[in-house]
Amino acid sequence: MQTIQPSSDSDPVAVQAQDAVVVDFVGRIAEHPGETGGDVFQVAEDCILVVGERDVLPGLEMGIRFMKQGERSLVWSNSKYAYGPGQREYENVIVPPNSNVCYEVTLKRVISGAEL
């Protein structure tokens with residue numbers, strides 16, 4: 001994971017298991033870590049996820065677990081933790097089998113399990 005924008009909070013909120021998070025993300029096909037020029041296959045804005053509930057791919061969730069509120073990061077995932085040997089199609093973009101992926105993620109808000 002590569003942080004591309006540090007948290008703006010003086011005491012940033014870290015993600016814990018069972019927290020809900022509000023994220024924006026863009027998913028791209030990316031053979032190598034840090035690649036940002038691959039085909040975009042998924043875009044989400046104000047997406048609410050619960051950490052530990054398998055709402056997203058394992059690689060993306062693991063990256064989110066290491067982020068803090070306000071951070072923007074690149075999260076690269078080996079195909080094993082993305083779609084594996086399966087092929088996926090999102091709108092008009094095909095994610096071929098065994099594709100590595102990279103997500104540009106902005107963690108907008110952390111909602112602790114106690115607040116839910």
# chains A, B, ... in the order shown; residues from 1 in each chain; ligands from 1
>>> select_by_dssp(residues="chain A", states="strand (DSSP E)", output="PyMOL selection string")
chain A and resi 2-5+20-29+40-50+72-77+88-90+93-95+101-111
>>> write_last_selection(atoms="N, CA and C atoms", output="compact mmCIF listing (two decimals), in the first residue's frame")
# COMPACT_ATOMS: atom_id res chain seq x y z
N GLN A 2 0.53 2.19 -0.78
CA GLN A 2 1.30 3.42 -0.89
C GLN A 2 0.37 4.58 -0.55
N THR A 3 0.69 5.33 0.50
CA THR A 3 -0.11 6.50 0.86
C THR A 3 0.26 7.63 -0.07
N ILE A 4 -0.74 8.23 -0.69
CA ILE A 4 -0.46 9.32 -1.62
C ILE A 4 -0.97 10.65 -1.08
N GLN A 5 -1.61 10.63 0.06
CA GLN A 5 -2.03 11.87 0.72
C GLN A 5 -2.15 11.57 2.20
N ALA A 20 -17.55 0.51 10.41
CA ALA A 20 -18.04 0.85 9.08
C ALA A 20 -17.17 1.99 8.57
N VAL A 21 -16.90 1.99 7.29
CA VAL A 21 -16.11 3.05 6.69
C VAL A 21 -16.84 3.57 5.47
N VAL A 22 -16.62 4.84 5.20
CA VAL A 22 -17.15 5.46 3.98
C VAL A 22 -15.94 5.73 3.10
N VAL A 23 -15.93 5.13 1.90
CA VAL A 23 -14.79 5.25 1.01
C VAL A 23 -15.23 5.61 -0.40
N ASP A 24 -14.30 6.25 -1.11
CA ASP A 24 -14.38 6.39 -2.56
C ASP A 24 -13.26 5.54 -3.10
N PHE A 25 -13.48 4.85 -4.22
CA PHE A 25 -12.36 4.12 -4.82
C PHE A 25 -12.54 3.95 -6.32
N VAL A 26 -11.40 3.80 -6.97
CA VAL A 26 -11.34 3.52 -8.40
C VAL A 26 -10.48 2.27 -8.56
N GLY A 27 -11.02 1.23 -9.19
CA GLY A 27 -10.28 -0.01 -9.41
C GLY A 27 -9.77 -0.08 -10.83
N ARG A 28 -8.49 -0.44 -10.96
CA ARG A 28 -7.85 -0.56 -12.28
C ARG A 28 -7.12 -1.90 -12.38
N ILE A 29 -7.02 -2.41 -13.57
CA ILE A 29 -6.16 -3.57 -13.83
C ILE A 29 -4.73 -3.06 -13.75
N VAL A 40 -9.85 1.12 -16.13
CA VAL A 40 -10.72 1.27 -14.98
C VAL A 40 -11.87 0.28 -15.13
N PHE A 41 -12.10 -0.52 -14.09
CA PHE A 41 -13.20 -1.48 -14.15
C PHE A 41 -14.26 -1.24 -13.07
N GLN A 42 -13.95 -0.40 -12.07
CA GLN A 42 -14.92 -0.17 -11.00
C GLN A 42 -14.69 1.20 -10.38
N VAL A 43 -15.78 1.93 -10.16
CA VAL A 43 -15.73 3.24 -9.50
C VAL A 43 -16.84 3.27 -8.46
N ALA A 44 -16.49 3.70 -7.24
CA ALA A 44 -17.50 3.80 -6.18
C ALA A 44 -17.29 5.11 -5.42
N GLU A 45 -18.37 5.78 -5.11
CA GLU A 45 -18.33 7.01 -4.32
C GLU A 45 -19.23 6.85 -3.12
N ASP A 46 -18.76 7.31 -1.97
CA ASP A 46 -19.52 7.24 -0.72
C ASP A 46 -20.03 5.82 -0.45
N CYS A 47 -19.16 4.86 -0.69
CA CYS A 47 -19.48 3.45 -0.48
C CYS A 47 -19.29 3.13 1.00
N ILE A 48 -20.30 2.53 1.62
CA ILE A 48 -20.22 2.16 3.04
C ILE A 48 -19.90 0.68 3.13
N LEU A 49 -18.81 0.35 3.82
CA LEU A 49 -18.37 -1.02 4.00
C LEU A 49 -18.19 -1.30 5.48
N VAL A 50 -18.41 -2.54 5.89
CA VAL A 50 -18.12 -2.94 7.26
C VAL A 50 -16.89 -3.83 7.21
N ARG A 72 -5.62 9.01 1.51
CA ARG A 72 -5.82 8.53 0.15
C ARG A 72 -4.63 7.63 -0.16
N SER A 73 -4.88 6.41 -0.60
CA SER A 73 -3.80 5.44 -0.81
C SER A 73 -4.03 4.64 -2.09
N LEU A 74 -2.92 4.09 -2.59
CA LEU A 74 -2.99 3.09 -3.65
C LEU A 74 -2.87 1.73 -3.00
N VAL A 75 -3.82 0.86 -3.29
CA VAL A 75 -3.82 -0.49 -2.73
C VAL A 75 -3.73 -1.46 -3.89
N TRP A 76 -2.57 -2.12 -4.01
CA TRP A 76 -2.35 -3.09 -5.08
C TRP A 76 -2.63 -4.48 -4.55
N SER A 77 -3.23 -5.32 -5.36
CA SER A 77 -3.55 -6.67 -4.93
C SER A 77 -3.17 -7.68 -6.00
N ARG A 88 -14.17 -11.33 -14.76
CA ARG A 88 -15.27 -10.47 -14.35
C ARG A 88 -15.49 -9.40 -15.41
N GLU A 89 -16.73 -8.96 -15.53
CA GLU A 89 -17.03 -7.86 -16.45
C GLU A 89 -17.82 -6.81 -15.69
N TYR A 90 -17.33 -5.58 -15.75
CA TYR A 90 -17.99 -4.43 -15.16
C TYR A 90 -18.27 -3.46 -16.28
N VAL A 93 -15.88 -3.23 -19.37
CA VAL A 93 -14.49 -3.60 -19.13
C VAL A 93 -14.43 -5.02 -18.59
N ILE A 94 -13.60 -5.84 -19.23
CA ILE A 94 -13.41 -7.23 -18.78
C ILE A 94 -12.13 -7.29 -17.96
N VAL A 95 -12.24 -7.86 -16.76
CA VAL A 95 -11.07 -8.13 -15.93
C VAL A 95 -10.70 -9.59 -16.23
N VAL A 101 -4.77 -6.17 -9.53
CA VAL A 101 -5.54 -4.92 -9.58
C VAL A 101 -4.95 -3.89 -8.63
N CYS A 102 -5.27 -2.62 -8.88
CA CYS A 102 -4.85 -1.53 -8.02
C CYS A 102 -6.05 -0.62 -7.79
N TYR A 103 -6.27 -0.29 -6.53
CA TYR A 103 -7.35 0.61 -6.17
C TYR A 103 -6.77 1.91 -5.64
N GLU A 104 -7.29 3.03 -6.09
CA GLU A 104 -7.01 4.32 -5.48
C GLU A 104 -8.16 4.57 -4.53
N VAL A 105 -7.87 4.60 -3.24
CA VAL A 105 -8.89 4.63 -2.19
C VAL A 105 -8.77 5.90 -1.37
N THR A 106 -9.88 6.53 -1.11
CA THR A 106 -9.95 7.63 -0.16
C THR A 106 -10.86 7.20 0.97
N LEU A 107 -10.30 7.16 2.19
CA LEU A 107 -11.09 6.80 3.36
C LEU A 107 -11.65 8.09 3.94
N LYS A 108 -12.93 8.31 3.70
CA LYS A 108 -13.56 9.57 4.07
C LYS A 108 -13.99 9.63 5.53
N ARG A 109 -14.46 8.49 6.05
CA ARG A 109 -14.97 8.50 7.42
C ARG A 109 -14.91 7.11 8.02
N VAL A 110 -14.59 7.04 9.30
CA VAL A 110 -14.63 5.79 10.07
C VAL A 110 -15.76 5.91 11.08
N ILE A 111 -16.63 4.92 11.08
CA ILE A 111 -17.74 4.87 12.05
C ILE A 111 -17.47 3.66 12.92
>>> select_by_dssp(residues="chain A", states="alpha helix (DSSP H)", output="number ranges by chain")
A: 58-65
>>> atom_distance(atom1="CA of Ala17 (chain A)", atom2="CA of Ala82 (chain A)")
20.1 Å
>>> residues_around(residues="Pro97 (chain A)", least_positions_apart="6", cutoff="6 Å", atoms="only C-alpha atoms", output="PyMOL selection string")
chain A and resi 85-87
>>> residues_around(residues="Asn98 (chain A)", least_positions_apart="3", cutoff="7 Å", atoms="only C-alpha atoms", output="list of chain:residue names")
A:Ser79, A:Tyr83, A:Gly84, A:Pro85
>>> write_last_selection(atoms="N, CA and C atoms", output="compact mmCIF listing (two decimals), in the first residue's frame")
# COMPACT_ATOMS: atom_id res chain seq x y z
N SER A 79 -3.60 -11.15 -7.90
CA SER A 79 -4.85 -11.76 -8.36
C SER A 79 -5.44 -12.74 -7.35
N TYR A 83 -9.66 -11.30 -7.99
CA TYR A 83 -10.69 -12.16 -8.59
C TYR A 83 -10.18 -13.56 -8.92
N GLY A 84 -8.89 -13.82 -8.70
CA GLY A 84 -8.35 -15.16 -8.93
C GLY A 84 -8.49 -15.60 -10.37
N PRO A 85 -8.76 -16.88 -10.59
CA PRO A 85 -8.83 -17.40 -11.96
C PRO A 85 -10.12 -17.06 -12.69
>>> closest_residue(among="A:Glu61, A:Glu91, A:Asp39, A:Glu31", to="Asp19 (chain A)", atoms="only C-alpha atoms")
A:Glu61
>>> closest_residue(among="A:Tyr81, A:Glu35, A:Gln18, A:Pro12", to="Gly63 (chain A)", atoms="only C-alpha atoms")
A:Tyr81
>>> closest_residue(among="A:Val51, A:Leu57, A:Met67, A:Val13", to="Asn100 (chain A)", atoms="only C-alpha atoms")
A:Leu57
>>> closest_residue(among="A:Asn92, A:Asn78, A:Ser112, A:Gln69", to="Pro33 (chain A)", atoms="only C-alpha atoms")
A:Asn78
>>> decode(residues="chain A", atoms="C-alpha atoms", output="JSON list (two decimals), in the first residue's frame")
[["chain", "number", "residue", "atom", "x", "y", "z"],
["A", 1, "MET", "CA", 0.00, 0.00, 0.00],
["A", 2, "GLN", "CA", 1.30, 3.42, -0.89],
["A", 3, "THR", "CA", -0.11, 6.50, 0.86],
["A", 4, "ILE", "CA", -0.46, 9.32, -1.62],
["A", 5, "GLN", "CA", -2.03, 11.87, 0.72],
["A", 6, "PRO", "CA", -1.45, 11.96, 4.47],
["A", 7, "SER", "CA", -4.36, 12.25, 6.83],
["A", 8, "SER", "CA", -5.43, 15.82, 7.44],
["A", 9, "ASP", "CA", -6.68, 15.19, 10.99],
["A", 10, "SER", "CA", -4.33, 16.03, 13.85],
["A", 11, "ASP", "CA", -5.36, 12.76, 15.55],
["A", 12, "PRO", "CA", -6.57, 10.54, 12.69],
["A", 13, "VAL", "CA", -9.04, 7.77, 13.38],
["A", 14, "ALA", "CA", -7.67, 4.29, 12.63],
["A", 15, "VAL", "CA", -9.84, 1.49, 11.26],
["A", 16, "GLN", "CA", -10.73, -1.41, 13.56],
["A", 17, "ALA", "CA", -12.51, -4.70, 12.85],
["A", 18, "GLN", "CA", -16.29, -4.27, 12.63],
["A", 19, "ASP", "CA", -16.03, -0.52, 11.96],
["A", 20, "ALA", "CA", -18.04, 0.85, 9.08],
["A", 21, "VAL", "CA", -16.11, 3.05, 6.69],
["A", 22, "VAL", "CA", -17.15, 5.46, 3.98],
["A", 23, "VAL", "CA", -14.79, 5.25, 1.01],
["A", 24, "ASP", "CA", -14.38, 6.39, -2.56],
["A", 25, "PHE", "CA", -12.36, 4.12, -4.82],
["A", 26, "VAL", "CA", -11.34, 3.52, -8.40],
["A", 27, "GLY", "CA", -10.28, -0.01, -9.41],
["A", 28, "ARG", "CA", -7.85, -0.56, -12.28],
["A", 29, "ILE", "CA", -6.16, -3.57, -13.83],
["A", 30, "ALA", "CA", -2.51, -3.27, -12.76],
["A", 31, "GLU", "CA", 0.15, -5.87, -13.38],
["A", 32, "HIS", "CA", 2.65, -4.21, -11.04],
["A", 33, "PRO", "CA", 2.35, -2.25, -7.76],
["A", 34, "GLY", "CA", 1.91, 1.49, -8.25],
["A", 35, "GLU", "CA", 0.54, 1.16, -11.79],
["A", 36, "THR", "CA", -2.25, 3.68, -12.30],
["A", 37, "GLY", "CA", -2.70, 3.59, -16.06],
["A", 38, "GLY", "CA", -4.63, 0.33, -16.43],
["A", 39, "ASP", "CA", -8.23, 0.01, -17.55],
["A", 40, "VAL", "CA", -10.72, 1.27, -14.98],
["A", 41, "PHE", "CA", -13.20, -1.48, -14.15],
["A", 42, "GLN", "CA", -14.92, -0.17, -11.00],
["A", 43, "VAL", "CA", -15.73, 3.24, -9.50],
["A", 44, "ALA", "CA", -17.50, 3.80, -6.18],
["A", 45, "GLU", "CA", -18.33, 7.01, -4.32],
["A", 46, "ASP", "CA", -19.52, 7.24, -0.72],
["A", 47, "CYS", "CA", -19.48, 3.45, -0.48],
["A", 48, "ILE", "CA", -20.22, 2.16, 3.04],
["A", 49, "LEU", "CA", -18.37, -1.02, 4.00],
["A", 50, "VAL", "CA", -18.12, -2.94, 7.26],
["A", 51, "VAL", "CA", -14.57, -4.13, 7.89],
["A", 52, "GLY", "CA", -14.48, -7.88, 8.36],
["A", 53, "GLU", "CA", -17.79, -8.56, 6.59],
["A", 54, "ARG", "CA", -16.22, -9.38, 3.19],
["A", 55, "ASP", "CA", -18.03, -6.51, 1.49],
["A", 56, "VAL", "CA", -15.13, -6.07, -0.97],
["A", 57, "LEU", "CA", -12.20, -8.08, -2.33],
["A", 58, "PRO", "CA", -9.77, -9.37, 0.34],
["A", 59, "GLY", "CA", -6.86, -7.28, -0.99],
["A", 60, "LEU", "CA", -8.91, -4.08, -0.92],
["A", 61, "GLU", "CA", -10.24, -4.75, 2.57],
["A", 62, "MET", "CA", -6.74, -5.43, 3.91],
["A", 63, "GLY", "CA", -5.54, -2.13, 2.49],
["A", 64, "ILE", "CA", -8.46, -0.25, 4.05],
["A", 65, "ARG", "CA", -7.65, -1.82, 7.44],
["A", 66, "PHE", "CA", -4.28, -0.04, 7.42],
["A", 67, "MET", "CA", -5.67, 3.38, 6.48],
["A", 68, "LYS", "CA", -6.73, 6.27, 8.66],
["A", 69, "GLN", "CA", -9.59, 8.66, 8.19],
["A", 70, "GLY", "CA", -8.72, 11.29, 5.58],
["A", 71, "GLU", "CA", -6.02, 9.21, 3.84],
["A", 72, "ARG", "CA", -5.82, 8.53, 0.15],
["A", 73, "SER", "CA", -3.80, 5.44, -0.81],
["A", 74, "LEU", "CA", -2.99, 3.09, -3.65],
["A", 75, "VAL", "CA", -3.82, -0.49, -2.73],
["A", 76, "TRP", "CA", -2.35, -3.09, -5.08],
["A", 77, "SER", "CA", -3.55, -6.67, -4.93],
["A", 78, "ASN", "CA", -2.20, -9.86, -6.40],
["A", 79, "SER", "CA", -4.85, -11.76, -8.36],
["A", 80, "LYS", "CA", -5.06, -14.35, -5.56],
["A", 81, "TYR", "CA", -6.62, -11.65, -3.33],
["A", 82, "ALA", "CA", -8.61, -10.06, -6.15],
["A", 83, "TYR", "CA", -10.69, -12.16, -8.59],
["A", 84, "GLY", "CA", -8.35, -15.16, -8.93],
["A", 85, "PRO", "CA", -8.83, -17.40, -11.96],
["A", 86, "GLY", "CA", -12.29, -16.04, -12.66],
["A", 87, "GLN", "CA", -13.10, -13.44, -15.30],
["A", 88, "ARG", "CA", -15.27, -10.47, -14.35],
["A", 89, "GLU", "CA", -17.03, -7.86, -16.45],
["A", 90, "TYR", "CA", -17.99, -4.43, -15.16],
["A", 91, "GLU", "CA", -19.98, -2.40, -17.64],
["A", 92, "ASN", "CA", -17.79, -2.65, -20.76],
["A", 93, "VAL", "CA", -14.49, -3.60, -19.13],
["A", 94, "ILE", "CA", -13.41, -7.23, -18.78],
["A", 95, "VAL", "CA", -11.07, -8.13, -15.93],
["A", 96, "PRO", "CA", -9.22, -11.16, -17.35],
["A", 97, "PRO", "CA", -8.51, -14.26, -15.25],
["A", 98, "ASN", "CA", -5.54, -13.95, -12.86],
["A", 99, "SER", "CA", -5.41, -10.15, -13.14],
["A", 100, "ASN", "CA", -3.67, -8.08, -10.50],
["A", 101, "VAL", "CA", -5.54, -4.92, -9.58],
["A", 102, "CYS", "CA", -4.85, -1.53, -8.02],
["A", 103, "TYR", "CA", -7.35, 0.61, -6.17],
["A", 104, "GLU", "CA", -7.01, 4.32, -5.48],
["A", 105, "VAL", "CA", -8.89, 4.63, -2.19],
["A", 106, "THR", "CA", -9.95, 7.63, -0.16],
["A", 107, "LEU", "CA", -11.09, 6.80, 3.36],
["A", 108, "LYS", "CA", -13.56, 9.57, 4.07],
["A", 109, "ARG", "CA", -14.97, 8.50, 7.42],
["A", 110, "VAL", "CA", -14.63, 5.79, 10.07],
["A", 111, "ILE", "CA", -17.74, 4.87, 12.05],
["A", 112, "SER", "CA", -16.77, 2.76, 15.05],
["A", 113, "GLY", "CA", -18.65, -0.42, 15.88],
["A", 114, "ALA", "CA", -20.01, 1.29, 18.99],
["A", 115, "GLU", "CA", -21.69, 3.98, 16.83],
["A", 116, "LEU", "CA", -23.55, 1.47, 14.67]]
